[in-house]
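See below for the structure under consideration.
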Amino acid sequence: MIGRAVSGDRKALARIMTEIELGNEKISESLIGMLRGSSIVGITGFPGTGKSTIISRLAMEMIKRGQKVGVLCIDPSSPFSGGSVLGDRVRMSELGRQSGSFIRSVPTSGKNGGLGYFTVDLANALDVAGYSTIFIETVGAGQDEIEIHNIADVVVMVTVPNLGDEIQAIKAGIMEVADIFVVNKADIGPADEKVMELLALNASGNMPEVIKTVATRGEGISYLASAIEGYLQKDSRTRQEMIKSRLKQLVRYHIEYRLDRYLEGRDFEAMVNELLSGKGISEVISQAASELTK
Amino acid sequence: MRKIRVIIAKPGLDGHDRGAKVLARSLMEKGFDVIYAGIRQTPEDIVRAAIEEDVDVIGLSVLSGSHLYQFRRVASLMKQNKIDDVLLIGGGIIPESDKPKLAKIGVSAVFGPGSSIDEISNFINSKCRRLK
Ligand SMILES: Nc1nc2c(ncn2[C@@H]2O[C@H](COP(=O)(O)OP(=O)(O)OP(=O)(O)O)[C@@H](O)[C@H]2O)c(=O)[nH]1
Ligand SMILES: [Mg+2]
């Protein structure tokens with residue numbers, strides 16, 4: 001199946017991704033040995049700031065520049081029903097018609113942190129299938145979305161004029177993971193003020209580039225594409241090091257996946273009783289630990 | 001872990017997608033993963049998205065009166081791409097007299113404006129051929 005995906009069979013690639021999501025570790029493992037080392041571009045930012053619209057335009061620009069582009073759009077699963085509405089594709093109609101694109105929507109399936117458990121495995125599948133630039137759109141929930149930093153080679157943080165005050169911007173976390181800032185929707189508000197605000201907040205000296213865009217009209221997109229390419233070129237890590245850093249996150253996610261499945265719906269009655277009967281904590285949870293590797 | 005995946009798209013030229021959005025949202029509440037592809041999708045767009053998203057169900061919402069053409073085209077593209085394990089269903093305002101024709105094309109069910117979400121989700125759950 002992987003062979004067919006490598007030779008351009010979309011259906012085979014899509015099936016591989018489904019197998020990954022079903023927890024087929026054999027597939028995930030096979031992919032690791034075949035990685036080519038595509039560039040991963042993370043796009044994060046609060047809901048509605050224009051992440052999908054930007055990806056759509058940016059990906060078209062990257063295709064023009066000779067890349068094949070894979071996109072993973074992460075959207076949240078409902079904590080109540082477990083279902084989801086994956087709506088990012090709506091902004092990507094034109095991109096979806098290009099021969100050099102592949103778009104896949106991914107639910108978080110209850111995982112926190114703005115990504116899904118199998119995000120790295122899915123990116124690996126795109127990588128092996130020859131997609132040389134991979135965009136990952138995070139959920140955009142805000143503060144705790146720093147995991148994208150461990151996976152992406154460059155993180156673009158999208159904001160808009162009139163959104164949020166300085167307090168949000170100086171809080172730890174989200175602003176620190178950005179390698180490039182985009183002030184999108186420059187047509188609707190004081191974008192220059194927002195740019196100044198972002199620049200002023202940074203006292204450390206190595207301020208990421210701040211770029212104004214109007215994604216709906218494609219303005220600033222080619223400049224942004226060049227900024228991303230420039231950032232990637234400056235990166236002194238070897239391909240192998242880049243791959244390793246995303247595989248570190250893959251390992252963490254697989255542990256997290258098993259742990260969360262283990263914790264799901266458990267009432268811990270037996271463990272509590274053991275605790276009450278005087279057993280040590282390590283002893284009580286050792287059973288759980290052994291179940292994780294079953 | 002993996003949910004039944006449904007793509008909801010609106011082929012044709014009319015831009016009213018309130019109904020389709022409400023349906024997407026309701027199916028989410030029933031526990032499905034719903035890929036909302038939006039309005040003005042061509043049959044080619046829809047089938048390609050269905051392949052990439054590896055969906056179990058394609059749901060087309062049609063109001064414009066061009067439903068026979070749209071369904072026929074989607075069904076034939078599905079055949080061309082050897083997609084034989086995906087449920088094709090329809091919604092919107094479709095005259096009773098066209099339903100036999102749609103059935104012949106390969107549309108498994110048509111849900112009019114009066115259909116309840118339970119009816120739709122039960123149908124999908126019972127007919128979905130893939131997945132455990
Ligand atoms: N005026 C204006 N509107 C824009 C611009 N970019 C995007 N939009 C609109 O903003 C809305 C949200 O855009 P999306 O691309 O869906 O934003 P998003 O960040 O992906 O949204 P979520 O995935 O829901 O978090 C849409 O209606 C877009 O058409 C822009 O530059 N100017
Ligand atoms: Mg989006």
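Residue numbers start at 1 in each chain; chains themselves are named A, B, ... in the order of the structure tokens; ligands are numbered from 1 in the order shown.
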
field: Expected selection as a PyMOL selection string for ligand 2 within 6 Å, only C-alpha atoms and all ligand atoms
entry: chain A and resi 51-52+88

With N, CA and C atoms retained, export the selected residues as an mmCIF file, in the first residue's frame.
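New file out_17.cif:
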```cif
data_model
loop_
_atom_site.group_PDB
_atom_site.id
_atom_site.type_symbol
_atom_site.label_atom_id
_atom_site.label_comp_id
_atom_site.auth_asym_id
_atom_site.auth_seq_id
_atom_site.Cartn_x
_atom_site.Cartn_y
_atom_site.Cartn_z
ATOM 1 N N LYS A 51 -6.405 31.283 9.306
ATOM 2 C CA LYS A 51 -5.372 30.260 9.105
ATOM 3 C C LYS A 51 -5.612 29.441 7.832
ATOM 4 N N SER A 52 -6.848 28.961 7.660
ATOM 5 C CA SER A 52 -7.129 28.111 6.496
ATOM 6 C C SER A 52 -7.000 28.890 5.199
ATOM 7 N N ASP A 88 -12.284 23.189 7.783
ATOM 8 C CA ASP A 88 -11.239 24.015 7.179
ATOM 9 C C ASP A 88 -11.187 23.917 5.659
#
```

- prompt: If you count only C-alpha atoms and all ligand atoms, which residues end up within 7 Å of ligand 1, as a PyMOL selection string?
  reply: chain A and resi 45-54+88+91+139-140+184-188+213-217

task: Just need the residues of chain A within 6 Å of chain B, counting only C-alpha atoms, so spit them out as a PyMOL selection string.
output: chain A and resi 11+14+81-87+89-90+104

Please extract the residues of chain B with a backbone DSSP assignment of helix (DSSP H, G or I) and present them as a CSV table (one decimal) with N, CA, C and O atoms, in the first residue's frame.
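Output (result_38.csv):
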```csv
chain,number,residue,atom,x,y,z
B,18,ARG,N,-27.4,26.9,4.8
B,18,ARG,CA,-27.9,26.8,6.2
B,18,ARG,C,-28.2,25.4,6.6
B,18,ARG,O,-27.8,24.8,7.6
B,19,GLY,N,-29.1,24.8,5.7
B,19,GLY,CA,-29.5,23.4,6.0
B,19,GLY,C,-28.4,22.5,6.1
B,19,GLY,O,-28.3,21.6,7.0
B,20,ALA,N,-27.4,22.6,5.2
B,20,ALA,CA,-26.3,21.7,5.1
B,20,ALA,C,-25.4,21.9,6.4
B,20,ALA,O,-24.9,20.9,7.0
B,21,LYS,N,-25.3,23.1,6.8
B,21,LYS,CA,-24.5,23.4,8.1
B,21,LYS,C,-25.2,22.8,9.3
B,21,LYS,O,-24.5,22.2,10.2
B,22,VAL,N,-26.5,23.0,9.4
B,22,VAL,CA,-27.3,22.4,10.5
B,22,VAL,C,-27.1,20.9,10.5
B,22,VAL,O,-26.9,20.3,11.6
B,23,LEU,N,-27.2,20.3,9.3
B,23,LEU,CA,-27.0,18.9,9.3
B,23,LEU,C,-25.6,18.4,9.7
B,23,LEU,O,-25.5,17.5,10.5
B,24,ALA,N,-24.6,19.2,9.3
B,24,ALA,CA,-23.2,18.8,9.7
B,24,ALA,C,-23.1,18.9,11.2
B,24,ALA,O,-22.6,18.0,11.9
B,25,ARG,N,-23.7,19.9,11.8
B,25,ARG,CA,-23.6,20.1,13.2
B,25,ARG,C,-24.4,19.0,14.0
B,25,ARG,O,-23.9,18.4,15.0
B,26,SER,N,-25.6,18.6,13.5
B,26,SER,CA,-26.4,17.6,14.1
B,26,SER,C,-25.7,16.2,14.0
B,26,SER,O,-25.7,15.5,15.0
B,27,LEU,N,-25.0,16.0,12.9
B,27,LEU,CA,-24.3,14.7,12.8
B,27,LEU,C,-23.1,14.6,13.7
B,27,LEU,O,-22.8,13.6,14.3
B,28,MET,N,-22.5,15.8,13.9
B,28,MET,CA,-21.4,15.8,14.9
B,28,MET,C,-22.0,15.5,16.3
B,28,MET,O,-21.4,14.7,17.0
B,29,GLU,N,-23.1,16.0,16.6
B,29,GLU,CA,-23.7,15.7,17.9
B,29,GLU,C,-24.1,14.2,18.0
B,29,GLU,O,-24.2,13.7,19.1
B,43,PRO,N,-18.8,18.0,-8.9
B,43,PRO,CA,-18.7,16.6,-8.6
B,43,PRO,C,-17.3,16.1,-8.5
B,43,PRO,O,-16.9,15.3,-7.6
B,44,GLU,N,-16.4,16.7,-9.4
B,44,GLU,CA,-15.0,16.3,-9.3
B,44,GLU,C,-14.4,16.7,-8.0
B,44,GLU,O,-13.6,15.9,-7.4
B,45,ASP,N,-14.7,17.9,-7.5
B,45,ASP,CA,-14.2,18.4,-6.2
B,45,ASP,C,-14.6,17.4,-5.1
B,45,ASP,O,-13.8,17.0,-4.2
B,46,ILE,N,-15.9,17.0,-5.1
B,46,ILE,CA,-16.5,16.2,-4.1
B,46,ILE,C,-15.9,14.8,-4.0
B,46,ILE,O,-15.5,14.4,-2.9
B,47,VAL,N,-15.7,14.2,-5.2
B,47,VAL,CA,-15.2,12.9,-5.2
B,47,VAL,C,-13.7,12.9,-4.8
B,47,VAL,O,-13.2,12.0,-4.0
B,48,ARG,N,-13.0,13.9,-5.2
B,48,ARG,CA,-11.6,13.9,-4.8
B,48,ARG,C,-11.4,14.2,-3.3
B,48,ARG,O,-10.6,13.5,-2.7
B,49,ALA,N,-12.2,15.1,-2.8
B,49,ALA,CA,-12.2,15.3,-1.3
B,49,ALA,C,-12.6,14.0,-0.6
B,49,ALA,O,-12.0,13.6,0.4
B,50,ALA,N,-13.6,13.3,-1.1
B,50,ALA,CA,-14.0,12.1,-0.5
B,50,ALA,C,-12.9,11.0,-0.4
B,50,ALA,O,-12.7,10.3,0.5
B,51,ILE,N,-12.1,11.0,-1.5
B,51,ILE,CA,-11.0,10.1,-1.6
B,51,ILE,C,-9.9,10.5,-0.6
B,51,ILE,O,-9.5,9.6,0.2
B,52,GLU,N,-9.5,11.7,-0.6
B,52,GLU,CA,-8.4,12.2,0.3
B,52,GLU,C,-8.8,12.0,1.8
B,52,GLU,O,-8.0,11.7,2.6
B,67,HIS,N,-30.3,18.2,-9.3
B,67,HIS,CA,-29.9,17.0,-8.5
B,67,HIS,C,-29.6,15.8,-9.4
B,67,HIS,O,-28.6,15.1,-9.1
B,68,LEU,N,-30.4,15.6,-10.4
B,68,LEU,CA,-30.2,14.3,-11.2
B,68,LEU,C,-28.8,14.4,-11.8
B,68,LEU,O,-28.0,13.4,-11.7
B,69,TYR,N,-28.5,15.5,-12.4
B,69,TYR,CA,-27.1,15.6,-13.0
B,69,TYR,C,-26.0,15.4,-12.0
B,69,TYR,O,-25.1,14.7,-12.2
B,70,GLN,N,-26.2,16.1,-10.9
B,70,GLN,CA,-25.1,16.1,-9.9
B,70,GLN,C,-24.9,14.7,-9.3
B,70,GLN,O,-23.7,14.2,-9.2
B,71,PHE,N,-26.0,14.0,-9.0
B,71,PHE,CA,-25.8,12.7,-8.4
B,71,PHE,C,-25.3,11.7,-9.5
B,71,PHE,O,-24.4,10.9,-9.1
B,72,ARG,N,-25.7,11.8,-10.7
B,72,ARG,CA,-25.3,11.0,-11.7
B,72,ARG,C,-23.8,11.1,-11.9
B,72,ARG,O,-23.0,10.1,-12.0
B,73,ARG,N,-23.3,12.3,-11.9
B,73,ARG,CA,-21.9,12.6,-12.2
B,73,ARG,C,-21.1,12.1,-11.0
B,73,ARG,O,-20.0,11.5,-11.2
B,74,VAL,N,-21.5,12.4,-9.8
B,74,VAL,CA,-20.8,11.9,-8.6
B,74,VAL,C,-20.7,10.4,-8.6
B,74,VAL,O,-19.7,9.8,-8.4
B,75,ALA,N,-21.9,9.8,-8.9
B,75,ALA,CA,-21.9,8.3,-8.9
B,75,ALA,C,-21.0,7.7,-9.9
B,75,ALA,O,-20.2,6.7,-9.7
B,76,SER,N,-20.9,8.4,-11.1
B,76,SER,CA,-20.1,7.8,-12.2
B,76,SER,C,-18.6,8.1,-11.8
B,76,SER,O,-17.7,7.2,-12.1
B,77,LEU,N,-18.3,9.2,-11.2
B,77,LEU,CA,-16.9,9.4,-10.8
B,77,LEU,C,-16.5,8.4,-9.7
B,77,LEU,O,-15.3,8.0,-9.6
B,78,MET,N,-17.4,8.1,-8.8
B,78,MET,CA,-17.1,7.1,-7.8
B,78,MET,C,-16.8,5.8,-8.5
B,78,MET,O,-15.8,5.1,-8.1
B,79,LYS,N,-17.6,5.4,-9.5
B,79,LYS,CA,-17.3,4.1,-10.2
B,79,LYS,C,-15.9,4.2,-10.8
B,79,LYS,O,-15.1,3.3,-10.7
B,80,GLN,N,-15.7,5.3,-11.5
B,80,GLN,CA,-14.3,5.4,-12.2
B,80,GLN,C,-13.2,5.2,-11.2
B,80,GLN,O,-12.2,4.7,-11.6
B,96,GLU,N,-40.6,13.6,-5.3
B,96,GLU,CA,-40.9,12.2,-5.1
B,96,GLU,C,-40.6,11.4,-6.4
B,96,GLU,O,-40.1,10.3,-6.3
B,97,SER,N,-41.1,12.0,-7.5
B,97,SER,CA,-41.0,11.2,-8.8
B,97,SER,C,-39.5,10.9,-9.2
B,97,SER,O,-39.3,10.1,-10.0
B,98,ASP,N,-38.6,11.7,-8.7
B,98,ASP,CA,-37.2,11.4,-9.0
B,98,ASP,C,-36.5,10.4,-8.2
B,98,ASP,O,-35.4,9.9,-8.5
B,99,LYS,N,-37.2,10.0,-7.1
B,99,LYS,CA,-36.5,9.1,-6.1
B,99,LYS,C,-36.1,7.8,-6.7
B,99,LYS,O,-35.0,7.3,-6.5
B,100,PRO,N,-37.0,7.2,-7.5
B,100,PRO,CA,-36.6,5.9,-8.1
B,100,PRO,C,-35.4,6.0,-9.1
B,100,PRO,O,-34.5,5.2,-9.1
B,101,LYS,N,-35.3,7.1,-9.8
B,101,LYS,CA,-34.2,7.4,-10.7
B,101,LYS,C,-32.9,7.5,-9.8
B,101,LYS,O,-31.9,6.9,-10.2
B,102,LEU,N,-33.0,8.2,-8.7
B,102,LEU,CA,-31.8,8.3,-7.9
B,102,LEU,C,-31.4,7.0,-7.3
B,102,LEU,O,-30.2,6.7,-7.3
B,103,ALA,N,-32.4,6.2,-6.9
B,103,ALA,CA,-32.0,4.9,-6.4
B,103,ALA,C,-31.3,4.1,-7.4
B,103,ALA,O,-30.3,3.4,-7.1
B,104,LYS,N,-31.7,4.2,-8.7
B,104,LYS,CA,-31.1,3.4,-9.8
B,104,LYS,C,-29.6,3.9,-10.0
B,104,LYS,O,-28.7,3.1,-10.3
B,105,ILE,N,-29.4,5.2,-9.8
B,105,ILE,CA,-28.0,5.7,-10.0
B,105,ILE,C,-27.1,5.2,-8.9
B,105,ILE,O,-25.9,5.1,-9.1
B,117,ILE,N,-33.0,13.9,12.4
B,117,ILE,CA,-31.6,13.6,12.5
B,117,ILE,C,-31.4,12.1,13.0
B,117,ILE,O,-30.5,11.5,12.6
B,118,ASP,N,-32.3,11.7,13.8
B,118,ASP,CA,-32.2,10.3,14.3
B,118,ASP,C,-32.4,9.3,13.1
B,118,ASP,O,-31.7,8.3,13.0
B,119,GLU,N,-33.3,9.7,12.2
B,119,GLU,CA,-33.6,8.8,11.0
B,119,GLU,C,-32.3,8.7,10.2
B,119,GLU,O,-31.9,7.7,9.8
B,120,ILE,N,-31.7,9.9,10.0
B,120,ILE,CA,-30.5,9.9,9.2
B,120,ILE,C,-29.3,9.2,9.8
B,120,ILE,O,-28.6,8.4,9.2
B,121,SER,N,-29.1,9.4,11.1
B,121,SER,CA,-28.0,8.8,11.8
B,121,SER,C,-28.2,7.3,11.9
B,121,SER,O,-27.2,6.5,11.8
B,122,ASN,N,-29.4,6.9,12.2
B,122,ASN,CA,-29.7,5.5,12.3
B,122,ASN,C,-29.4,4.8,10.9
B,122,ASN,O,-28.8,3.7,10.9
B,123,PHE,N,-29.8,5.5,9.9
B,123,PHE,CA,-29.6,4.9,8.5
B,123,PHE,C,-28.1,4.7,8.3
B,123,PHE,O,-27.7,3.7,7.8
B,124,ILE,N,-27.3,5.8,8.6
B,124,ILE,CA,-25.9,5.7,8.3
B,124,ILE,C,-25.3,4.6,9.2
B,124,ILE,O,-24.5,3.7,8.7
B,125,ASN,N,-25.6,4.5,10.4
B,125,ASN,CA,-25.1,3.5,11.3
B,125,ASN,C,-25.4,2.1,10.9
B,125,ASN,O,-24.5,1.2,11.0
B,126,SER,N,-26.6,1.9,10.3
B,126,SER,CA,-26.9,0.6,9.9
B,126,SER,C,-26.4,0.2,8.6
B,126,SER,O,-26.1,-1.0,8.3
B,127,LYS,N,-26.2,1.2,7.7
B,127,LYS,CA,-25.8,0.9,6.3
B,127,LYS,C,-24.3,1.0,6.1
B,127,LYS,O,-23.8,0.5,5.0
```

Sel. of strand (DSSP E) residues, range 19-179 of chain A, as an MDAnalysis selection string: chainID A and resid 39:45 69:75 84:86 101:107 133:137 154:159

I need the chosen residues saved as a short mmCIF file (atom, residue, chain, number, x, y, z; two decimals), in the first residue's frame, with N, CA, C and O atoms.
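Here's the written file again.cif:
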```cif
data_model
loop_
_atom_site.label_atom_id
_atom_site.label_comp_id
_atom_site.auth_asym_id
_atom_site.auth_seq_id
_atom_site.Cartn_x
_atom_site.Cartn_y
_atom_site.Cartn_z
N SER A 39 9.64 19.60 4.64
CA SER A 39 9.54 20.72 5.59
C SER A 39 8.14 20.79 6.15
O SER A 39 7.16 20.69 5.41
N ILE A 40 8.05 20.95 7.47
CA ILE A 40 6.73 21.07 8.08
C ILE A 40 6.52 22.51 8.55
O ILE A 40 7.33 23.07 9.29
N VAL A 41 5.43 23.10 8.08
CA VAL A 41 5.09 24.47 8.43
C VAL A 41 3.86 24.45 9.33
O VAL A 41 2.79 23.98 8.91
N GLY A 42 3.99 24.89 10.55
CA GLY A 42 2.85 24.94 11.47
C GLY A 42 2.16 26.28 11.36
O GLY A 42 2.82 27.32 11.32
N ILE A 43 0.83 26.26 11.30
CA ILE A 43 0.07 27.51 11.25
C ILE A 43 -0.85 27.52 12.47
O ILE A 43 -1.73 26.67 12.62
N THR A 44 -0.63 28.49 13.36
CA THR A 44 -1.44 28.54 14.56
C THR A 44 -2.00 29.95 14.74
O THR A 44 -1.64 30.87 14.00
N GLY A 45 -2.87 30.13 15.70
CA GLY A 45 -3.50 31.43 15.91
C GLY A 45 -4.95 31.22 16.32
O GLY A 45 -5.53 30.17 16.05
N VAL A 69 2.44 19.90 -2.03
CA VAL A 69 2.01 20.37 -0.71
C VAL A 69 0.95 19.47 -0.08
O VAL A 69 -0.10 19.21 -0.67
N GLY A 70 1.25 19.01 1.11
CA GLY A 70 0.27 18.27 1.90
C GLY A 70 -0.25 19.16 3.01
O GLY A 70 0.49 20.00 3.52
N VAL A 71 -1.53 19.00 3.35
CA VAL A 71 -2.11 19.83 4.41
C VAL A 71 -2.83 18.94 5.42
O VAL A 71 -3.62 18.07 5.03
N LEU A 72 -2.55 19.15 6.69
CA LEU A 72 -3.32 18.51 7.76
C LEU A 72 -4.08 19.60 8.50
O LEU A 72 -3.47 20.53 9.02
N CYS A 73 -5.41 19.51 8.50
CA CYS A 73 -6.23 20.52 9.17
C CYS A 73 -6.80 19.89 10.44
O CYS A 73 -7.63 18.99 10.35
N ILE A 74 -6.36 20.37 11.59
CA ILE A 74 -6.84 19.79 12.84
C ILE A 74 -8.01 20.62 13.37
O ILE A 74 -7.93 21.84 13.45
N ASP A 75 -9.10 19.95 13.71
CA ASP A 75 -10.24 20.61 14.34
C ASP A 75 -10.65 19.81 15.57
O ASP A 75 -10.39 18.61 15.65
N SER A 84 -17.18 15.47 15.34
CA SER A 84 -16.56 16.75 15.04
C SER A 84 -17.12 17.32 13.75
O SER A 84 -17.68 16.59 12.93
N VAL A 85 -17.00 18.63 13.60
CA VAL A 85 -17.21 19.25 12.30
C VAL A 85 -15.85 19.74 11.84
O VAL A 85 -15.24 20.58 12.47
N LEU A 86 -15.37 19.16 10.74
CA LEU A 86 -14.06 19.52 10.22
C LEU A 86 -14.30 20.48 9.06
O LEU A 86 -14.68 20.06 7.97
N SER A 101 -1.47 18.84 -4.64
CA SER A 101 -1.91 19.02 -3.25
C SER A 101 -2.61 17.78 -2.71
O SER A 101 -3.13 16.96 -3.47
N PHE A 102 -2.59 17.65 -1.40
CA PHE A 102 -3.35 16.59 -0.72
C PHE A 102 -3.79 17.15 0.62
O PHE A 102 -2.97 17.57 1.43
N ILE A 103 -5.12 17.20 0.84
CA ILE A 103 -5.65 17.83 2.05
C ILE A 103 -6.36 16.79 2.90
O ILE A 103 -7.21 16.04 2.39
N ARG A 104 -6.05 16.74 4.16
CA ARG A 104 -6.71 15.79 5.05
C ARG A 104 -7.14 16.51 6.33
O ARG A 104 -6.36 17.22 6.95
N SER A 105 -8.40 16.31 6.72
CA SER A 105 -8.93 16.89 7.95
C SER A 105 -8.79 15.88 9.08
O SER A 105 -9.03 14.70 8.90
N VAL A 106 -8.40 16.38 10.24
CA VAL A 106 -8.08 15.49 11.36
C VAL A 106 -8.76 15.97 12.64
O VAL A 106 -8.56 17.11 13.05
N PRO A 107 -9.56 15.12 13.28
CA PRO A 107 -10.15 15.51 14.56
C PRO A 107 -9.15 15.28 15.71
O PRO A 107 -8.29 14.41 15.60
N THR A 133 6.38 19.93 1.10
CA THR A 133 6.06 20.91 2.13
C THR A 133 4.74 20.48 2.76
O THR A 133 3.77 20.18 2.05
N ILE A 134 4.71 20.41 4.08
CA ILE A 134 3.50 19.97 4.78
C ILE A 134 3.03 21.08 5.72
O ILE A 134 3.79 21.54 6.57
N PHE A 135 1.80 21.51 5.51
CA PHE A 135 1.21 22.51 6.40
C PHE A 135 0.38 21.80 7.46
O PHE A 135 -0.38 20.88 7.15
N ILE A 136 0.51 22.24 8.69
CA ILE A 136 -0.35 21.72 9.76
C ILE A 136 -1.09 22.90 10.37
O ILE A 136 -0.47 23.82 10.92
N GLU A 137 -2.42 22.90 10.24
CA GLU A 137 -3.23 23.95 10.88
C GLU A 137 -3.70 23.45 12.23
O GLU A 137 -4.40 22.44 12.32
N VAL A 154 9.01 25.33 11.11
CA VAL A 154 8.76 26.77 11.25
C VAL A 154 7.30 26.95 11.68
O VAL A 154 6.41 26.27 11.19
N VAL A 155 7.08 27.82 12.66
CA VAL A 155 5.72 28.05 13.16
C VAL A 155 5.29 29.47 12.82
O VAL A 155 5.97 30.44 13.16
N VAL A 156 4.17 29.57 12.12
CA VAL A 156 3.61 30.87 11.76
C VAL A 156 2.41 31.13 12.66
O VAL A 156 1.49 30.32 12.73
N MET A 157 2.46 32.25 13.37
CA MET A 157 1.37 32.58 14.27
C MET A 157 0.53 33.68 13.63
O MET A 157 1.04 34.74 13.30
N VAL A 158 -0.76 33.41 13.42
CA VAL A 158 -1.63 34.36 12.74
C VAL A 158 -2.44 35.15 13.76
O VAL A 158 -3.06 34.58 14.65
N THR A 159 -2.40 36.46 13.61
CA THR A 159 -3.25 37.29 14.45
C THR A 159 -3.93 38.31 13.53
O THR A 159 -3.70 38.32 12.33
#
```

- request: Pick out the residues sitting within 6 Å of Ile89 in chain B, and hand them over as a list in words; count only C-alpha atoms, and ignore anything fewer than 3 positions along from it in its own chain.
  value: Gly59, Val107, Ser108, Ala109 and Val110 of chain B

Can I get the selected residues back with C-alpha atoms, as an mmCIF file, in the first residue's frame?
```cif
data_model
loop_
_atom_site.group_PDB
_atom_site.id
_atom_site.type_symbol
_atom_site.label_atom_id
_atom_site.label_comp_id
_atom_site.auth_asym_id
_atom_site.auth_seq_id
_atom_site.Cartn_x
_atom_site.Cartn_y
_atom_site.Cartn_z
ATOM 1 C CA GLY B 59 -23.909 13.394 1.654
ATOM 2 C CA VAL B 107 -28.151 6.904 -4.126
ATOM 3 C CA SER B 108 -28.933 4.838 -1.030
ATOM 4 C CA ALA B 109 -31.373 7.254 0.535
ATOM 5 C CA VAL B 110 -32.849 10.689 0.116
#
```

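Reported to one decimal place, the separation of CA of Val284 in chain A from CA of Phe118 in chain A is 29.7 Å.
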
task: Determine, counting only C-alpha atoms, which protein, DNA and RNA residues have an atom within 12 Å of an atom of Lys294 in chain A; residues of the same chain fewer than 4 positions away are not included. Present the result as a PyMOL selection string.
output: chain A and resi 255+258-259+262+287-290

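Using only C-alpha atoms, the residues found no farther than 8 Å from Ser61 in chain B, other than those of its own chain fewer than 2 positions away, are Ile8, Ala9, Lys10, Pro11, Ala20, Gly59, Leu63, Gly90, Gly91 and Gly92 of chain B.
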
message: Between CA of Gln249 in chain A and CA of Ile146 in chain A, what distance in Å does the model show, to one decimal?
response: 11.8 Å

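CA of Lys212 in chain A to CA of Val183 in chain A spans 4.7 Å [interatomic distance, one decimal].
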